[in-house]
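Shown next, in structure tokens, is the structure this report addresses.
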Amino acid sequence: MNLNEIHRGIVKHKKRKRVGRGPGSGHGKTCGRGHKGQASRSGWSLRLGFEGGQMPLTRRIPKRGFHNRFADRILAINVGDLDKKFEAGEEVTPELLQQRELIKRNFDRLKILGDGELTKPLKVAAHQFSVTAKQKIEQAGGQAILLPGKAPVPKNKSKPKKPRAAATRI
């Protein structure tokens, strides 16, 4: 093999296969659709997960557990992580945590957990605190502030909703 033969036969913009153009093309008569049946008819398209009448894989595998799509997404951050990223006396807010890249995804509520050590007095604002996290913050000379409600959705990550057209009756 030579370097000039590596890309031989690779076409950047490949032409689509024209089927049903006679027996000389090699794709005449049935055009690769086979004989009879639903898939041979015009207008038929394969549905996602369709296995030709066989029980689909998504229905064959066992289902376990439960996932509540309406539950709040709680993002947990440890006290030890706050100690690394913030200076003494700083106020820790969800917005500031996003700027310092401790938060990288959307959430509904922010919870501070007590894993790690806190050596600096910090003013920490969150929606929830574990008992040990609250103790460690107060022992370090800081303050735990409870935020009301859910966290605001960050402006750069939310998708704007399209206005719906008013229905007109004729």
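In the structure tokens, chains take letters A, B, ... by order of appearance, with residues numbered from 1 within each chain and ligands from 1 in the order shown.
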Problem set entry | DSSP-assigned strand (DSSP E or B) members of chain A, reported as a PyMOL selection string | chain A and resi 74-78+91-92+109-113+123-126+128-129+143-146
Kindly export the residues of the current selection with N, CA, C and O atoms, as a CSV table (one decimal), in the first residue's frame.
```csv
chain,number,residue,atom,x,y,z
A,74,ILE,N,-32.4,17.6,42.0
A,74,ILE,CA,-31.7,18.2,43.1
A,74,ILE,C,-30.2,18.0,42.8
A,74,ILE,O,-29.7,16.9,42.5
A,75,LEU,N,-29.4,19.2,42.8
A,75,LEU,CA,-28.0,19.1,42.5
A,75,LEU,C,-27.3,19.2,43.9
A,75,LEU,O,-27.5,20.2,44.6
A,76,ALA,N,-26.4,18.3,44.1
A,76,ALA,CA,-25.7,18.2,45.4
A,76,ALA,C,-24.3,18.7,45.3
A,76,ALA,O,-23.6,18.3,44.3
A,77,ILE,N,-23.8,19.6,46.2
A,77,ILE,CA,-22.4,20.0,46.2
A,77,ILE,C,-21.9,19.8,47.6
A,77,ILE,O,-22.6,20.2,48.6
A,78,ASN,N,-20.7,19.3,47.7
A,78,ASN,CA,-20.1,19.1,49.0
A,78,ASN,C,-19.4,20.3,49.6
A,78,ASN,O,-19.0,21.2,48.8
A,91,GLU,N,-19.6,35.3,49.6
A,91,GLU,CA,-21.0,34.8,49.6
A,91,GLU,C,-21.2,33.8,48.5
A,91,GLU,O,-20.9,34.2,47.3
A,92,VAL,N,-21.6,32.6,48.8
A,92,VAL,CA,-21.8,31.6,47.8
A,92,VAL,C,-23.2,31.5,47.4
A,92,VAL,O,-24.1,31.3,48.2
A,109,ARG,N,-33.3,22.5,42.5
A,109,ARG,CA,-33.0,22.8,43.9
A,109,ARG,C,-31.5,22.5,44.1
A,109,ARG,O,-31.0,21.5,43.6
A,110,LEU,N,-30.8,23.3,44.9
A,110,LEU,CA,-29.4,23.1,45.2
A,110,LEU,C,-29.3,22.7,46.6
A,110,LEU,O,-29.9,23.3,47.5
A,111,LYS,N,-28.6,21.6,46.9
A,111,LYS,CA,-28.4,21.0,48.2
A,111,LYS,C,-26.9,21.0,48.5
A,111,LYS,O,-26.1,20.5,47.7
A,112,ILE,N,-26.6,21.5,49.7
A,112,ILE,CA,-25.2,21.4,50.2
A,112,ILE,C,-25.1,20.2,51.1
A,112,ILE,O,-25.8,20.1,52.1
A,113,LEU,N,-24.1,19.4,50.8
A,113,LEU,CA,-23.8,18.2,51.7
A,113,LEU,C,-22.6,18.4,52.5
A,113,LEU,O,-21.7,19.2,52.2
A,123,LYS,N,-20.6,32.6,53.5
A,123,LYS,CA,-22.0,32.8,53.6
A,123,LYS,C,-22.6,32.0,52.4
A,123,LYS,O,-22.5,32.4,51.3
A,124,VAL,N,-23.2,30.8,52.7
A,124,VAL,CA,-23.7,29.9,51.7
A,124,VAL,C,-25.2,30.0,51.6
A,124,VAL,O,-25.9,29.8,52.5
A,125,ALA,N,-25.7,30.3,50.3
A,125,ALA,CA,-27.1,30.4,50.0
A,125,ALA,C,-27.5,29.2,49.2
A,125,ALA,O,-26.9,29.0,48.1
A,126,ALA,N,-28.4,28.4,49.6
A,126,ALA,CA,-28.9,27.2,48.9
A,126,ALA,C,-30.3,26.9,49.3
A,126,ALA,O,-30.8,27.5,50.2
A,128,GLN,N,-31.4,23.8,50.1
A,128,GLN,CA,-31.4,22.8,51.2
A,128,GLN,C,-30.0,22.6,51.7
A,128,GLN,O,-29.0,22.8,51.0
A,129,PHE,N,-29.9,22.2,53.0
A,129,PHE,CA,-28.6,21.9,53.6
A,129,PHE,C,-28.8,20.5,54.4
A,129,PHE,O,-29.8,20.3,55.0
A,143,GLN,N,-22.3,31.2,57.5
A,143,GLN,CA,-23.7,31.3,57.7
A,143,GLN,C,-24.4,30.5,56.6
A,143,GLN,O,-24.0,30.6,55.4
A,144,ALA,N,-25.4,29.7,56.9
A,144,ALA,CA,-26.2,29.0,55.9
A,144,ALA,C,-27.5,29.7,55.7
A,144,ALA,O,-28.4,29.8,56.6
A,145,ILE,N,-27.8,30.2,54.5
A,145,ILE,CA,-29.0,30.9,54.1
A,145,ILE,C,-29.9,30.0,53.2
A,145,ILE,O,-29.4,29.6,52.2
A,146,LEU,N,-31.1,29.8,53.6
A,146,LEU,CA,-32.1,29.1,52.9
A,146,LEU,C,-32.7,29.9,51.8
A,146,LEU,O,-33.2,31.0,52.1
```
Exercise. Could you name the residues that touch range 51-68 of chain A at 10 Å or less, counting only C-alpha atoms, but leaving out those on the same chain fewer than 5 positions away, as number ranges by chain?
Worked result: A: 38-39, 46
Residue selection dump (C-alpha atoms) as a compact mmCIF listing (two decimals), in the first residue's frame:
```txt
# COMPACT_ATOMS: atom_id res chain seq x y z
CA GLN A 38 -45.97 -4.20 3.24
CA ALA A 39 -42.36 -3.14 2.69
CA LEU A 46 -39.95 1.76 8.65
```
